[in-house]
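Heads up, target_11.txt below (compact mmCIF, C-alpha atoms and all ligand atoms):
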# COMPACT_ATOMS: atom_id res chain seq x y z
CA MET S 220 3.46 19.25 7.17
CA THR S 221 0.53 21.27 8.59
CA ASP S 222 -2.50 19.16 9.35
CA THR S 223 -5.00 21.24 7.34
CA LEU S 224 -4.30 22.00 3.69
CA THR S 225 -6.35 24.27 1.46
CA VAL S 226 -6.26 23.69 -2.27
CA ASP S 227 -7.64 26.33 -4.63
CA ALA S 228 -10.09 25.20 -7.26
CA GLY S 229 -9.14 24.57 -10.88
CA GLY S 230 -5.85 24.38 -12.73
CA ALA S 231 -4.33 21.53 -14.69
CA LEU S 232 -1.44 19.09 -14.12
CA ARG S 233 1.63 19.29 -16.34
CA ALA S 234 4.80 17.55 -15.24
CA GLU S 235 7.31 14.77 -15.76
CA PHE S 236 8.86 13.19 -12.66
CA HIS S 237 9.88 10.10 -10.68
CA LEU S 238 7.78 8.93 -7.76
CA PRO S 239 9.16 7.84 -4.39
CA GLY S 240 9.77 4.12 -3.90
CA ASP S 241 6.95 1.60 -3.63
CA LYS S 242 5.86 1.22 -0.01
CA SER S 243 5.05 -2.50 -0.14
CA ILE S 244 8.36 -3.35 -1.83
CA SER S 245 10.37 -1.09 0.51
CA HIS S 246 9.00 -2.81 3.64
CA ARG S 247 9.82 -6.24 2.21
CA ALA S 248 13.35 -5.23 1.15
CA VAL S 249 14.14 -4.03 4.68
CA MET S 250 12.57 -7.09 6.33
CA LEU S 251 14.32 -9.71 4.22
CA GLY S 252 17.59 -7.75 4.25
CA ALA S 253 17.43 -7.65 8.06
CA ILE S 254 17.32 -11.43 8.47
CA ALA S 255 19.49 -12.28 5.45
CA ALA S 256 23.04 -13.58 5.51
CA GLY S 257 25.20 -10.65 4.37
CA THR S 258 24.64 -6.98 3.53
CA THR S 259 21.74 -5.99 1.29
CA THR S 260 21.79 -2.73 -0.65
CA VAL S 261 18.43 -1.09 -1.25
CA ALA S 262 18.18 1.79 -3.75
CA HIS S 263 15.23 4.23 -3.88
CA CYS S 264 13.67 2.90 -0.67
CA LEU S 265 10.60 4.90 0.38
CA MET S 266 11.61 7.01 3.40
CA GLY S 267 8.04 7.59 4.59
CA ASP S 268 7.00 7.12 8.20
CA ASP S 269 5.64 3.59 7.58
CA VAL S 270 8.93 2.22 6.26
CA ARG S 271 10.83 4.18 8.92
CA ALA S 272 8.78 2.22 11.47
CA THR S 273 10.02 -1.03 9.93
CA ILE S 274 13.62 0.23 9.89
CA GLY S 275 13.26 1.40 13.53
CA ALA S 276 11.89 -1.97 14.60
CA PHE S 277 14.86 -3.87 13.16
CA ARG S 278 17.31 -1.43 14.71
CA ALA S 279 15.62 -2.13 18.06
CA LEU S 280 16.11 -5.85 17.33
CA GLY S 281 19.84 -5.27 16.92
CA VAL S 282 20.16 -4.99 13.12
CA HIS S 283 22.55 -2.37 11.83
CA ILE S 284 20.97 -0.33 9.02
CA ASP S 285 22.65 2.65 7.32
CA ALA S 286 20.01 4.82 5.65
CA SER S 287 20.33 8.07 3.70
CA GLU S 288 17.39 10.47 3.55
CA SER S 289 17.18 9.83 -0.20
CA GLY S 290 16.51 6.12 0.39
CA ASP S 291 19.84 4.41 -0.17
CA LEU S 292 20.13 1.68 2.45
CA SER S 293 22.74 -0.81 3.58
CA VAL S 294 21.03 -3.45 5.66
CA HIS S 295 23.59 -5.53 7.55
CA GLY S 296 21.61 -8.75 7.88
CA SER S 297 21.74 -10.54 11.21
CA GLY S 298 20.76 -13.92 9.78
CA PRO S 299 17.53 -15.49 11.04
CA HIS S 300 19.08 -16.44 14.40
CA GLY S 301 20.76 -13.07 14.99
CA LEU S 302 17.77 -10.90 16.00
CA LYS S 303 17.91 -9.88 19.67
CA PRO S 304 14.72 -9.27 21.68
CA ALA S 305 14.02 -5.51 21.83
CA LEU S 306 14.04 -3.70 25.17
CA GLY S 307 10.54 -2.27 24.70
CA ALA S 308 7.54 -2.60 22.39
CA LEU S 309 8.07 -2.24 18.64
CA ASP S 310 6.00 0.72 17.45
CA MET S 311 4.71 0.04 13.93
CA GLY S 312 3.12 3.51 13.70
CA ASN S 313 0.31 3.68 11.11
CA SER S 314 1.45 0.65 9.12
CA GLY S 315 -0.70 -2.46 8.78
CA THR S 316 1.85 -3.96 6.40
CA ALA S 317 4.68 -3.51 8.90
CA MET S 318 2.68 -5.01 11.76
CA ARG S 319 1.22 -7.99 9.91
CA LEU S 320 4.39 -8.98 8.05
CA MET S 321 6.50 -8.56 11.19
CA CYS S 322 4.20 -11.00 13.01
CA GLY S 323 5.06 -13.72 10.47
CA LEU S 324 8.73 -12.87 10.30
CA LEU S 325 9.30 -12.65 14.07
CA ALA S 326 7.20 -15.75 14.81
CA GLY S 327 9.26 -17.63 12.21
CA CYS S 328 12.53 -16.48 13.74
CA GLY S 329 11.26 -17.29 17.27
CA VAL S 330 11.88 -13.75 18.56
CA PRO S 331 9.59 -12.57 21.38
CA ALA S 332 8.13 -9.11 20.79
CA THR S 333 5.26 -6.74 21.54
CA LEU S 334 3.94 -4.86 18.50
CA THR S 335 2.02 -1.61 18.97
CA GLY S 336 0.67 1.07 16.62
CA ASP S 337 -0.99 4.48 16.46
CA ALA S 338 -4.71 5.12 17.02
CA SER S 339 -5.69 3.98 13.50
CA LEU S 340 -3.56 0.81 13.52
CA SER S 341 -4.79 0.02 17.04
CA ARG S 342 -8.33 -0.33 15.64
CA ARG S 343 -7.42 -2.70 12.77
CA PRO S 344 -8.15 -6.45 12.70
CA MET S 345 -5.14 -8.65 13.47
CA ARG S 346 -6.67 -12.10 14.02
CA ARG S 347 -6.38 -12.63 10.29
CA VAL S 348 -2.63 -13.10 10.89
CA THR S 349 -2.55 -14.46 14.43
CA ILE S 350 -4.96 -17.33 13.62
CA PRO S 351 -2.81 -18.94 10.89
CA LEU S 352 0.42 -18.22 12.79
CA ALA S 353 -0.99 -19.87 15.93
CA ALA S 354 -1.99 -22.85 13.75
CA MET S 355 1.71 -23.08 12.76
CA GLY S 356 2.64 -23.29 16.46
CA ALA S 357 3.34 -19.63 17.28
CA LYS S 358 2.43 -18.26 20.69
CA ILE S 359 0.81 -15.02 19.55
CA GLU S 360 -2.03 -13.01 21.08
CA THR S 361 -4.03 -9.91 20.16
CA GLN S 362 -6.25 -7.94 22.55
CA ASP S 363 -9.67 -9.53 23.28
CA ASP S 364 -11.27 -7.70 20.34
CA GLY S 365 -8.59 -8.89 17.89
CA THR S 366 -6.72 -5.58 17.69
CA PRO S 367 -3.10 -4.61 18.63
CA PRO S 368 -0.99 -4.63 20.72
CA ILE S 369 0.16 -8.10 19.67
CA GLU S 370 2.33 -10.25 21.93
CA ILE S 371 4.60 -12.85 20.35
CA SER S 372 6.20 -15.08 22.95
CA GLY S 373 7.71 -17.96 21.05
CA GLY S 374 6.75 -21.28 19.51
CA ASP S 375 8.28 -23.93 17.33
CA LEU S 376 6.68 -23.56 13.91
CA HIS S 377 5.58 -26.23 11.46
CA GLY S 378 4.27 -25.76 7.93
CA ILE S 379 0.52 -25.63 7.24
CA ASP S 380 -1.81 -25.56 4.24
CA TYR S 381 -3.81 -22.38 4.62
CA GLU S 382 -6.75 -21.20 2.57
CA LEU S 383 -6.94 -17.41 2.97
CA PRO S 384 -10.42 -16.32 4.15
CA VAL S 385 -9.83 -12.82 2.68
CA ALA S 386 -7.85 -11.82 -0.41
CA SER S 387 -5.01 -10.21 1.53
CA ALA S 388 -1.37 -9.93 0.52
CA GLN S 389 -0.48 -9.05 4.08
CA VAL S 390 -1.90 -12.27 5.48
CA LYS S 391 -0.40 -14.33 2.65
CA SER S 392 2.98 -12.69 3.29
CA ALA S 393 2.87 -13.21 7.07
CA VAL S 394 2.23 -16.94 6.57
CA LEU S 395 4.91 -17.27 3.87
CA LEU S 396 7.53 -15.43 5.95
CA ALA S 397 6.80 -17.71 8.91
CA GLY S 398 6.77 -20.72 6.57
CA MET S 399 10.26 -19.86 5.29
CA ARG S 400 11.59 -20.68 8.78
CA ALA S 401 9.12 -23.43 9.82
CA ARG S 402 9.59 -27.21 9.67
CA GLY S 403 8.21 -28.71 6.46
CA THR S 404 6.41 -26.97 3.61
CA THR S 405 3.80 -24.21 3.96
CA ARG S 406 1.13 -23.71 1.30
CA VAL S 407 -1.14 -20.69 0.98
CA ILE S 408 -4.22 -20.79 -1.24
CA GLU S 409 -5.56 -17.42 -2.41
CA PRO S 410 -9.26 -16.76 -3.14
CA ALA S 411 -8.14 -14.14 -5.72
CA PRO S 412 -4.69 -12.99 -6.83
CA THR S 413 -3.19 -10.35 -4.52
CA ARG S 414 0.05 -8.40 -4.85
CA ASP S 415 2.92 -10.88 -5.16
CA HIS S 416 5.83 -8.67 -4.04
CA THR S 417 6.71 -11.06 -1.20
CA GLU S 418 7.03 -14.00 -3.58
CA ARG S 419 9.16 -11.99 -6.05
CA MET S 420 11.30 -10.52 -3.27
CA LEU S 421 11.87 -13.94 -1.67
CA GLN S 422 13.11 -15.21 -5.04
CA SER S 423 15.48 -12.22 -5.30
CA PHE S 424 16.91 -13.31 -1.93
CA GLY S 425 17.48 -16.83 -3.28
CA ILE S 426 14.53 -18.51 -1.53
CA ASP S 427 12.83 -21.52 -3.14
CA ILE S 428 9.16 -20.54 -3.47
CA GLN S 429 6.73 -21.91 -6.07
CA SER S 430 3.42 -20.55 -7.35
CA ASN S 431 1.01 -22.89 -9.08
CA GLY S 432 -2.35 -21.32 -9.92
CA SER S 433 -3.78 -20.00 -6.68
CA THR S 434 -1.37 -22.01 -4.46
CA ILE S 435 1.98 -20.70 -3.26
CA ALA S 436 4.35 -23.17 -1.59
CA ILE S 437 7.49 -22.40 0.42
CA LYS S 438 9.89 -24.88 1.98
CA GLY S 439 10.88 -24.28 5.59
CA GLY S 440 14.35 -23.86 7.08
CA GLN S 441 15.58 -21.46 4.39
CA THR S 442 17.80 -18.41 4.92
CA PRO S 443 17.61 -15.38 2.60
CA GLN S 444 20.90 -14.43 0.96
CA ALA S 445 21.78 -10.70 0.77
CA THR S 446 21.20 -9.03 -2.57
CA TYR S 447 20.67 -5.70 -4.36
CA ILE S 448 17.14 -4.31 -4.59
CA GLN S 449 16.17 -1.30 -6.71
CA VAL S 450 12.69 -0.21 -5.60
CA PRO S 451 10.29 0.88 -8.38
CA GLY S 452 8.23 4.07 -8.05
CA ASP S 453 4.96 3.54 -6.17
CA ILE S 454 1.93 3.14 -8.45
CA SER S 455 -0.27 3.86 -5.41
CA SER S 456 1.33 7.32 -5.15
CA ALA S 457 1.19 7.73 -8.94
CA ALA S 458 -2.57 7.14 -8.79
CA PHE S 459 -3.30 10.64 -7.40
CA PHE S 460 -1.50 12.27 -10.34
CA MET S 461 -3.03 9.83 -12.82
CA VAL S 462 -6.53 10.73 -11.64
CA GLY S 463 -5.77 14.46 -11.42
CA ALA S 464 -4.45 14.50 -14.97
CA ALA S 465 -7.15 12.20 -16.39
CA VAL S 466 -10.06 14.37 -15.25
CA VAL S 467 -8.78 17.76 -16.46
CA PRO S 468 -8.64 18.39 -20.22
CA GLY S 469 -5.31 20.02 -21.09
CA SER S 470 -3.38 18.10 -18.41
CA GLU S 471 -0.45 15.88 -19.33
CA ILE S 472 1.85 14.08 -16.93
CA LYS S 473 4.62 11.55 -17.48
CA LEU S 474 5.59 9.40 -14.49
CA GLN S 475 8.86 7.53 -14.83
CA ASN S 476 9.97 4.16 -13.41
CA VAL S 477 6.58 3.29 -11.95
CA GLY S 478 6.06 -0.27 -10.73
CA VAL S 479 3.60 -2.03 -13.06
CA ASN S 480 3.46 -5.45 -11.42
CA PRO S 481 0.30 -7.07 -12.89
CA THR S 482 -1.10 -7.50 -9.36
CA ARG S 483 -1.03 -3.70 -8.84
CA VAL S 484 -2.27 -2.15 -12.10
CA GLY S 485 -6.01 -2.19 -11.38
CA VAL S 486 -6.05 1.62 -11.31
CA ILE S 487 -4.86 1.74 -14.94
CA GLU S 488 -7.49 -0.79 -16.00
CA ILE S 489 -10.30 1.02 -14.15
CA LEU S 490 -9.37 4.50 -15.39
CA ARG S 491 -9.05 3.22 -18.96
CA ARG S 492 -12.54 1.70 -18.70
CA MET S 493 -13.73 5.13 -17.63
CA GLY S 494 -12.22 6.51 -20.84
CA ALA S 495 -8.85 7.82 -19.59
CA ASP S 496 -5.99 8.27 -22.05
CA ILE S 497 -3.13 6.34 -20.39
CA LYS S 498 -0.01 5.11 -22.17
CA VAL S 499 2.40 2.63 -20.59
CA THR S 500 5.81 2.67 -22.30
CA ASN S 501 9.42 1.64 -21.79
CA GLU S 502 8.52 -1.54 -19.86
CA ARG S 503 11.53 -3.18 -18.24
CA LEU S 504 12.54 -4.97 -15.02
CA PHE S 505 14.03 -3.74 -11.75
CA GLY S 506 15.19 -7.16 -10.50
CA ASN S 507 12.01 -9.27 -10.45
CA GLU S 508 9.62 -6.31 -10.61
CA PRO S 509 8.33 -4.77 -13.87
CA VAL S 510 8.49 -0.97 -14.21
CA ALA S 511 7.38 1.42 -16.96
CA ASP S 512 6.76 5.06 -17.75
CA ILE S 513 3.11 6.14 -17.55
CA THR S 514 1.73 9.08 -19.55
CA VAL S 515 -1.75 10.41 -18.82
CA ARG S 516 -3.56 13.06 -20.89
CA GLY S 517 -6.66 14.81 -19.61
CA GLY S 518 -10.14 14.27 -21.05
CA THR S 519 -13.68 13.43 -20.05
CA LEU S 520 -14.41 10.26 -18.09
CA ARG S 521 -17.62 8.24 -17.87
CA GLY S 522 -19.02 6.38 -14.87
CA ILE S 523 -18.72 2.59 -14.87
CA GLU S 524 -19.56 -0.55 -12.95
CA ILE S 525 -16.15 -1.43 -11.42
CA PRO S 526 -15.43 -5.12 -12.10
CA ALA S 527 -15.01 -7.12 -8.87
CA ALA S 528 -12.00 -8.87 -10.39
CA ALA S 529 -10.11 -5.56 -10.47
CA ILE S 530 -10.55 -4.85 -6.73
CA PRO S 531 -7.46 -6.52 -5.20
CA SER S 532 -5.13 -4.98 -7.78
CA ALA S 533 -6.53 -1.48 -7.10
CA ILE S 534 -7.25 -1.89 -3.38
CA ASP S 535 -5.30 1.18 -2.21
CA GLU S 536 -6.35 3.37 -5.14
CA PHE S 537 -10.10 3.63 -4.42
CA PRO S 538 -9.98 7.03 -2.68
CA ALA S 539 -8.43 8.42 -5.90
CA ILE S 540 -10.78 6.37 -8.11
CA PHE S 541 -13.80 7.76 -6.20
CA VAL S 542 -12.60 11.26 -7.08
CA ALA S 543 -12.38 10.20 -10.75
CA ALA S 544 -15.94 8.88 -10.39
CA ALA S 545 -17.15 12.20 -8.91
CA SER S 546 -15.68 13.98 -11.95
CA ALA S 547 -17.05 11.54 -14.55
CA HIS S 548 -20.31 11.65 -16.51
CA GLY S 549 -22.84 9.24 -15.01
CA LYS S 550 -22.85 6.72 -12.18
CA THR S 551 -19.94 4.64 -10.91
CA ARG S 552 -20.72 1.62 -8.76
CA LEU S 553 -18.41 -0.56 -6.69
CA ARG S 554 -19.54 -3.67 -4.75
CA GLY S 555 -17.57 -6.50 -3.16
CA ALA S 556 -15.02 -4.17 -1.57
CA ALA S 557 -15.75 -4.59 2.18
CA GLU S 558 -11.97 -4.61 2.84
CA LEU S 559 -12.01 -0.84 2.23
CA LYS S 560 -13.76 -0.47 5.58
CA VAL S 561 -10.72 -1.79 7.50
CA LYS S 562 -7.92 0.25 5.91
CA GLU S 563 -6.23 3.24 7.59
CA SER S 564 -9.83 4.57 7.84
CA ASP S 565 -13.23 3.25 6.73
CA ARG S 566 -12.53 4.45 3.19
CA ILE S 567 -16.12 3.95 2.03
CA GLU S 568 -17.71 6.10 4.75
CA VAL S 569 -14.92 8.68 5.03
CA MET S 570 -14.83 9.28 1.26
CA ALA S 571 -18.64 9.33 1.04
CA THR S 572 -18.90 11.90 3.85
CA GLY S 573 -16.30 14.17 2.20
CA LEU S 574 -17.77 13.86 -1.29
CA ARG S 575 -21.25 14.69 0.04
CA LYS S 576 -19.82 17.82 1.68
CA LEU S 577 -18.66 18.89 -1.78
CA GLY S 578 -22.18 18.33 -3.09
CA VAL S 579 -21.67 14.95 -4.78
CA GLU S 580 -24.57 12.46 -4.69
CA VAL S 581 -23.27 9.29 -3.02
CA ALA S 582 -24.88 6.09 -1.69
CA THR S 583 -22.95 3.60 0.43
CA PHE S 584 -23.31 -0.13 1.03
CA ASP S 585 -21.58 -2.40 3.53
CA ASP S 586 -19.24 -3.47 0.71
CA GLY S 587 -19.20 -0.55 -1.69
CA ILE S 588 -20.35 2.80 -2.97
CA GLU S 589 -22.29 4.45 -5.77
CA ILE S 590 -21.20 7.89 -6.93
CA VAL S 591 -23.11 10.13 -9.34
CA GLY S 592 -20.45 12.10 -11.18
CA GLY S 593 -20.56 15.58 -12.69
CA SER S 594 -19.59 18.89 -11.19
CA TYR S 595 -19.06 19.67 -7.52
CA GLY S 596 -18.29 22.55 -5.20
CA GLY S 597 -15.71 23.30 -2.53
CA GLY S 598 -15.81 23.19 1.26
CA GLN S 599 -14.22 21.53 4.24
CA VAL S 600 -13.60 17.80 4.35
CA ASP S 601 -11.93 15.46 6.83
CA SER S 602 -9.50 12.71 5.81
CA GLY S 603 -10.21 10.58 8.90
CA ASP S 604 -6.42 10.85 9.39
CA ASP S 605 -5.97 8.68 6.31
CA HIS S 606 -3.09 9.61 4.00
CA ARG S 607 -4.74 8.37 0.82
CA VAL S 608 -8.06 10.09 1.54
CA ALA S 609 -6.19 13.38 2.17
CA MET S 610 -4.31 13.15 -1.15
CA ALA S 611 -7.45 12.13 -3.06
CA PHE S 612 -9.33 15.22 -1.81
CA ALA S 613 -6.31 17.40 -2.62
CA VAL S 614 -6.50 16.41 -6.32
CA SER S 615 -10.30 16.69 -6.29
CA ALA S 616 -9.83 20.49 -6.10
CA LEU S 617 -8.75 20.44 -9.77
CA ARG S 618 -12.42 19.90 -10.71
CA ALA S 619 -14.12 21.76 -7.84
CA SER S 620 -15.84 25.14 -8.28
CA HIS S 621 -14.37 26.50 -5.01
CA ALA S 622 -11.38 25.82 -2.75
CA ILE S 623 -11.27 22.62 -0.68
CA SER S 624 -9.83 22.52 2.87
CA ILE S 625 -8.75 19.12 4.07
CA ARG S 626 -8.25 18.33 7.77
CA GLY S 627 -6.00 15.40 8.61
CA CYS S 628 -3.16 15.83 6.11
CA ALA S 629 -0.23 15.08 8.45
CA PRO S 630 -0.43 11.29 7.72
CA ILE S 631 0.49 11.98 4.07
CA ALA S 632 4.06 11.62 5.39
CA THR S 633 3.45 7.92 6.05
CA SER S 634 3.50 7.03 2.36
CA PHE S 635 4.36 10.13 0.30
CA PRO S 636 6.46 12.73 2.14
CA SER S 637 7.22 14.66 -1.08
CA PHE S 638 3.57 14.85 -2.20
CA LEU S 639 3.16 18.56 -1.50
CA LYS S 640 6.22 19.59 -3.46
CA LEU S 641 5.53 17.33 -6.44
CA ALA S 642 1.84 18.30 -6.50
CA ARG S 643 2.63 22.03 -6.40
CA ASP S 644 5.30 21.65 -9.09
CA ALA S 645 2.76 19.79 -11.25
CA GLY S 646 0.16 22.57 -10.90
CA LEU S 647 -1.98 21.82 -7.86
CA ARG S 648 -2.69 25.13 -6.11
CA ILE S 649 -1.97 24.14 -2.52
CA ARG S 650 -1.83 27.24 -0.32
CA PRO S 651 1.24 27.73 1.85
C1 LIG Y 701 -0.27 -4.44 1.26
C2 LIG Y 701 -1.42 -5.16 1.04
C3 LIG Y 701 -2.77 -4.56 1.03
C4 LIG Y 701 -2.71 -3.04 0.89
C5 LIG Y 701 -1.68 -2.44 1.79
C6 LIG Y 701 -0.30 -2.97 1.45
C7 LIG Y 701 1.02 -5.13 1.27
O1 LIG Y 701 -3.42 -4.86 2.27
O2 LIG Y 701 -3.97 -2.48 1.15
O3 LIG Y 701 -1.65 -1.04 1.67
O4 LIG Y 701 2.07 -4.46 1.21
O5 LIG Y 701 1.02 -6.37 1.36
P1 LIG Y 701 -4.25 -6.22 2.48
O6 LIG Y 701 -3.32 -7.35 2.43
O7 LIG Y 701 -4.89 -6.06 3.84
O8 LIG Y 701 -5.26 -6.25 1.38

Do you think you could lay out the structure here as C-alpha cells?
Amino acid sequence: MTDTLTVDAGGALRAEFHLPGDKSISHRAVMLGAIAAGTTTVAHCLMGDDVRATIGAFRALGVHIDASESGDLSVHGSGPHGLKPALGALDMGNSGTAMRLMCGLLAGCGVPATLTGDASLSRRPMRRVTIPLAAMGAKIETQDDGTPPIEISGGDLHGIDYELPVASAQVKSAVLLAGMRARGTTRVIEPAPTRDHTERMLQSFGIDIQSNGSTIAIKGGQTPQATYIQVPGDISSAAFFMVGAAVVPGSEIKLQNVGVNPTRVGVIEILRRMGADIKVTNERLFGNEPVADITVRGGTLRGIEIPAAAIPSAIDEFPAIFVAAASAHGKTRLRGAAELKVKESDRIEVMATGLRKLGVEVATFDDGIEIVGGSYGGGQVDSGDDHRVAMAFAVSALRASHAISIRGCAPIATSFPSFLKLARDAGLRIRP
C-alpha cells in the first residue's frame, strides 16, 4: 500500500460484504492455541500485520503454526511448558495488544524474552502491565520511562487481587493470562466493563474463570485445551463503513457476521444516539462470541454529548466517530477519554489537527474533544502513522467538498489489509 492516499470528494456507499476477522479475538486465539495441549484450528483469523507479529513471536518460541493467507490456522500447541526461549528479541510491531498480552502469557509460563516494537509502540506506556506482573513475582522491566523494550527474565508467580487503575482490557488480560499459570487464585477488579474476549476465549479453551460483577477470578495451574475458534468480523473495521454510510443520504451497506459482543458495540449506541439508521439482525453465536449482520442506511446525524459509560466499548472507534461528528448538525462533545492519547497515536490531537485542516471547528481537552459539525472542505491531512486515523479520514471524503490526501496510510495493513479494495468496491473514490 502506498503511504499517501487521495480520496475524491463525494459519492455514497452501497455494498454487502464480510469483514476480516476481529483483531482482538485473533490475537487471543493464536496465544491460547500456542500454549494449549493439542492442535487448535482457527478460522477467519485476521492476517493483518499485528496478528502476524503474534504468530511470528510464537514461531520464534518454537511453536509450529500453519497459516493460510485467508486466515485458516492450525496452531500446534506446545503446552505451557513447551515454549523455548527465542534466539533474539520478539518484535511486536505496532501492536499494543500483542505486547501487553504476551507479557502476561510469557511471565506466566516462565519464559525469558525481550519484547520490542516499532516507533509508535516504543512510545506507549507499559508499566500498567509490568507493575501487576511484578507484584505476582515476575522479573519484568521496561525502560526507565516505562516504555518498551520489555525484558522478562523469570519469576515464580503467585495469584494477586488487582484493582485496575485504568479501564483496560489489555491489562486485565495480561494479569488473567499470568494468573492462569500462577499459584493460587488471581482476581481482577475492573473500574468499568472492558472487552471480555479473553474471558470468553479462556472458557472456550476449557479454563475455569468466573466473572461476578466487576470481579473476574481465575484459578492458577490450568492448561488450555485445544479447540476450534471461528473469528467474527471486526466491528472496529466495520465502524468506518458504518460511519461512511450513516452520514451520506442514499448510502446502504450490509455487513455480515460482525462481532457484536456487548463490550464492543459502543459505536452502534453512539451512532444511533446521533440519529443513525442501524439495524442489527440475524444474531447468533460463533463459539462464545455473538455475531450479527449490521445494515446502515444514510441520513442526517445530529451532534451529541457522548456518554462516558459508552467510552470503553467504543474505545477504538473514536477516529471514525469524530468524522461522524464533523458531518453532523451541531456540537459533539466527548470527555473522560484520556486513554485516546496513548493509542497508536494521540488520537485526540491527531484527529483535531486533521479536522481543522479540513476547516472543521474543533476544541481539545486533556481528556476529550468538542467538534462543531456541518460541512467541510478538502486538503492534506496526516494520520500520525495511525491506521484508524488514516481510515477515518478516508471515509471523511464522502462528505468533503474537495479531495482529501492522507499521509501515513501504510499502517492500515496492521488491522485491515483489504480496506482499500472493500472501500473502493463500496464506492469510496480512492485514486490509484
Ligand atoms: C484491546 C484493548 C483496547 C483496545 C485495543 C485492543 C484488546 O486497549 O484499544 O485496540 O484487544 O484487549 P486498552 O486495553 O489499552 O484499552

Considering all atoms listed in the file, give me a table of residues in chain S that are at most 10 Å from ligand LIG 701 (chain Y), with the closest atom pair and distance in Å for each, as a Markdown table.
| residue | atom | partner | partner_atom | distance |
| --- | --- | --- | --- | --- |
| S:Asp241 | CA | Y:LIG701 | O4 | 9.2 |
| S:Lys242 | CA | Y:LIG701 | O4 | 6.9 |
| S:Ser243 | CA | Y:LIG701 | O4 | 3.8 |
| S:Ile244 | CA | Y:LIG701 | O4 | 7.1 |
| S:Ser245 | CA | Y:LIG701 | O4 | 9.0 |
| S:His246 | CA | Y:LIG701 | O4 | 7.5 |
| S:Arg247 | CA | Y:LIG701 | O4 | 8.0 |
| S:Ser314 | CA | Y:LIG701 | O3 | 8.2 |
| S:Gly315 | CA | Y:LIG701 | C5 | 7.1 |
| S:Thr316 | CA | Y:LIG701 | O4 | 5.2 |
| S:Ala317 | CA | Y:LIG701 | O4 | 8.2 |
| S:Arg319 | CA | Y:LIG701 | O5 | 8.7 |
| S:Leu320 | CA | Y:LIG701 | O5 | 7.9 |
| S:Arg343 | CA | Y:LIG701 | O7 | 9.9 |
| S:Pro344 | CA | Y:LIG701 | O7 | 9.4 |
| S:Met345 | CA | Y:LIG701 | O7 | 10.0 |
| S:Arg347 | CA | Y:LIG701 | O7 | 9.3 |
| S:Val385 | CA | Y:LIG701 | O8 | 8.1 |
| S:Ala386 | CA | Y:LIG701 | O8 | 6.4 |
| S:Ser387 | CA | Y:LIG701 | O6 | 3.4 |
| S:Ala388 | CA | Y:LIG701 | O6 | 3.8 |
| S:Gln389 | CA | Y:LIG701 | O6 | 3.7 |
| S:Val390 | CA | Y:LIG701 | O6 | 6.0 |
| S:Lys391 | CA | Y:LIG701 | O6 | 7.6 |
| S:Ser392 | CA | Y:LIG701 | O5 | 6.9 |
| S:Ala393 | CA | Y:LIG701 | O5 | 9.1 |
| S:Thr413 | CA | Y:LIG701 | O8 | 7.5 |
| S:Arg414 | CA | Y:LIG701 | O5 | 6.6 |
| S:Asp415 | CA | Y:LIG701 | O5 | 8.2 |
| S:His416 | CA | Y:LIG701 | O5 | 7.6 |
| S:Thr417 | CA | Y:LIG701 | O5 | 7.8 |
| S:Ser455 | CA | Y:LIG701 | O3 | 8.7 |
| S:Arg483 | CA | Y:LIG701 | C4 | 9.9 |
| S:Ile530 | CA | Y:LIG701 | O8 | 9.8 |
| S:Pro531 | CA | Y:LIG701 | O8 | 6.9 |
| S:Ser532 | CA | Y:LIG701 | C3 | 9.1 |
| S:Ala533 | CA | Y:LIG701 | O2 | 8.7 |
| S:Ile534 | CA | Y:LIG701 | O2 | 5.6 |
| S:Asp535 | CA | Y:LIG701 | O2 | 5.1 |
| S:Glu536 | CA | Y:LIG701 | O2 | 8.9 |
| S:Glu558 | CA | Y:LIG701 | O8 | 7.1 |
| S:Leu559 | CA | Y:LIG701 | O2 | 8.3 |
| S:Val561 | CA | Y:LIG701 | O7 | 8.1 |
| S:Lys562 | CA | Y:LIG701 | O2 | 6.8 |
| S:Glu563 | CA | Y:LIG701 | O3 | 8.6 |
| S:Arg607 | CA | Y:LIG701 | O3 | 9.9 |
| S:Ser634 | CA | Y:LIG701 | O3 | 9.6 |

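Nearest-residue note for S:Ala609: choosing from S:Ala332, S:Cys264, S:Val407, S:Val226, the minimum distance belongs to S:Val226, counting all atoms listed in the file.
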
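With distances restricted to only C-alpha atoms, S:Glu471 is the closest residue to S:Ala645 from S:Glu524, S:Asp375, S:Glu471, S:Glu589.
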
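Shortest atom-to-atom contact with S:Ala495 among S:Thr519, S:Ser293, S:Thr361, S:Thr482: S:Thr519, counting all atoms listed in the file.
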
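Between atom CA of S:Pro651 and atom CA of S:Ala619 the interatomic distance comes to 19.1 Å.
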
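For the atom pair formed by atom CA of S:Gln444 and atom CA of S:Leu325, the distance is 17.6 Å, given to one decimal.
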
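Of the residues listed (S:Thr583, S:Asn480, S:Ser289, S:Gln475), S:Thr583 shows the shortest atom-to-atom separation from S:Asp565; distances use all atoms listed in the file.
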
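Shortest separation to S:Ala527 among S:Val510, S:Ile435, S:Leu641, S:Ala556 occurs at residue S:Ala556, atoms counted being all atoms listed in the file.
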
Which neighbours of stretch 423-429 of chain S fall inside 10 Å, counting only C-alpha atoms, when residues of the same chain fewer than 5 positions from it are skipped, and could you give them as a ChimeraX atom specification? /S:248,251-252,255-256,259,395,399,404-406,417-418,434-439,441-448,506-508

Centre and edge lengths, as JSON, for the axis-aligned box enclosing every listed atom of stretch 352-358 of chain S with 8 Å of padding on each of the six sides, in Å to one decimal?
{"center_x": 0.7, "center_y": -20.8, "center_z": 16.7, "size_x": 21.3, "size_y": 21.1, "size_z": 23.9}

Around the point (-16.1, 11.0, 1.0) in the file's coordinates, collect all residues with an atom within 9 Å, using only C-alpha atoms, and return them as a PyMOL selection string. chain S and resi 538+541-542+566-577+579+581+600-602+608+612

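Nearest to S:Pro384 of all the residues S:Lys640, S:Arg346, S:Arg491, S:Arg552 is S:Arg346, counting all atoms listed in the file.
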
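Atom to atom, atom CA of S:Pro412 and atom CA of S:Ile379 stand 19.6 Å apart.
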
Using all atoms listed in the file, list the residues that have an atom at most 9 Å from (-7.9, -2.9, 16.5), coordinates as in the file, as number ranges by chain. S: 338-345, 361-362, 364-368
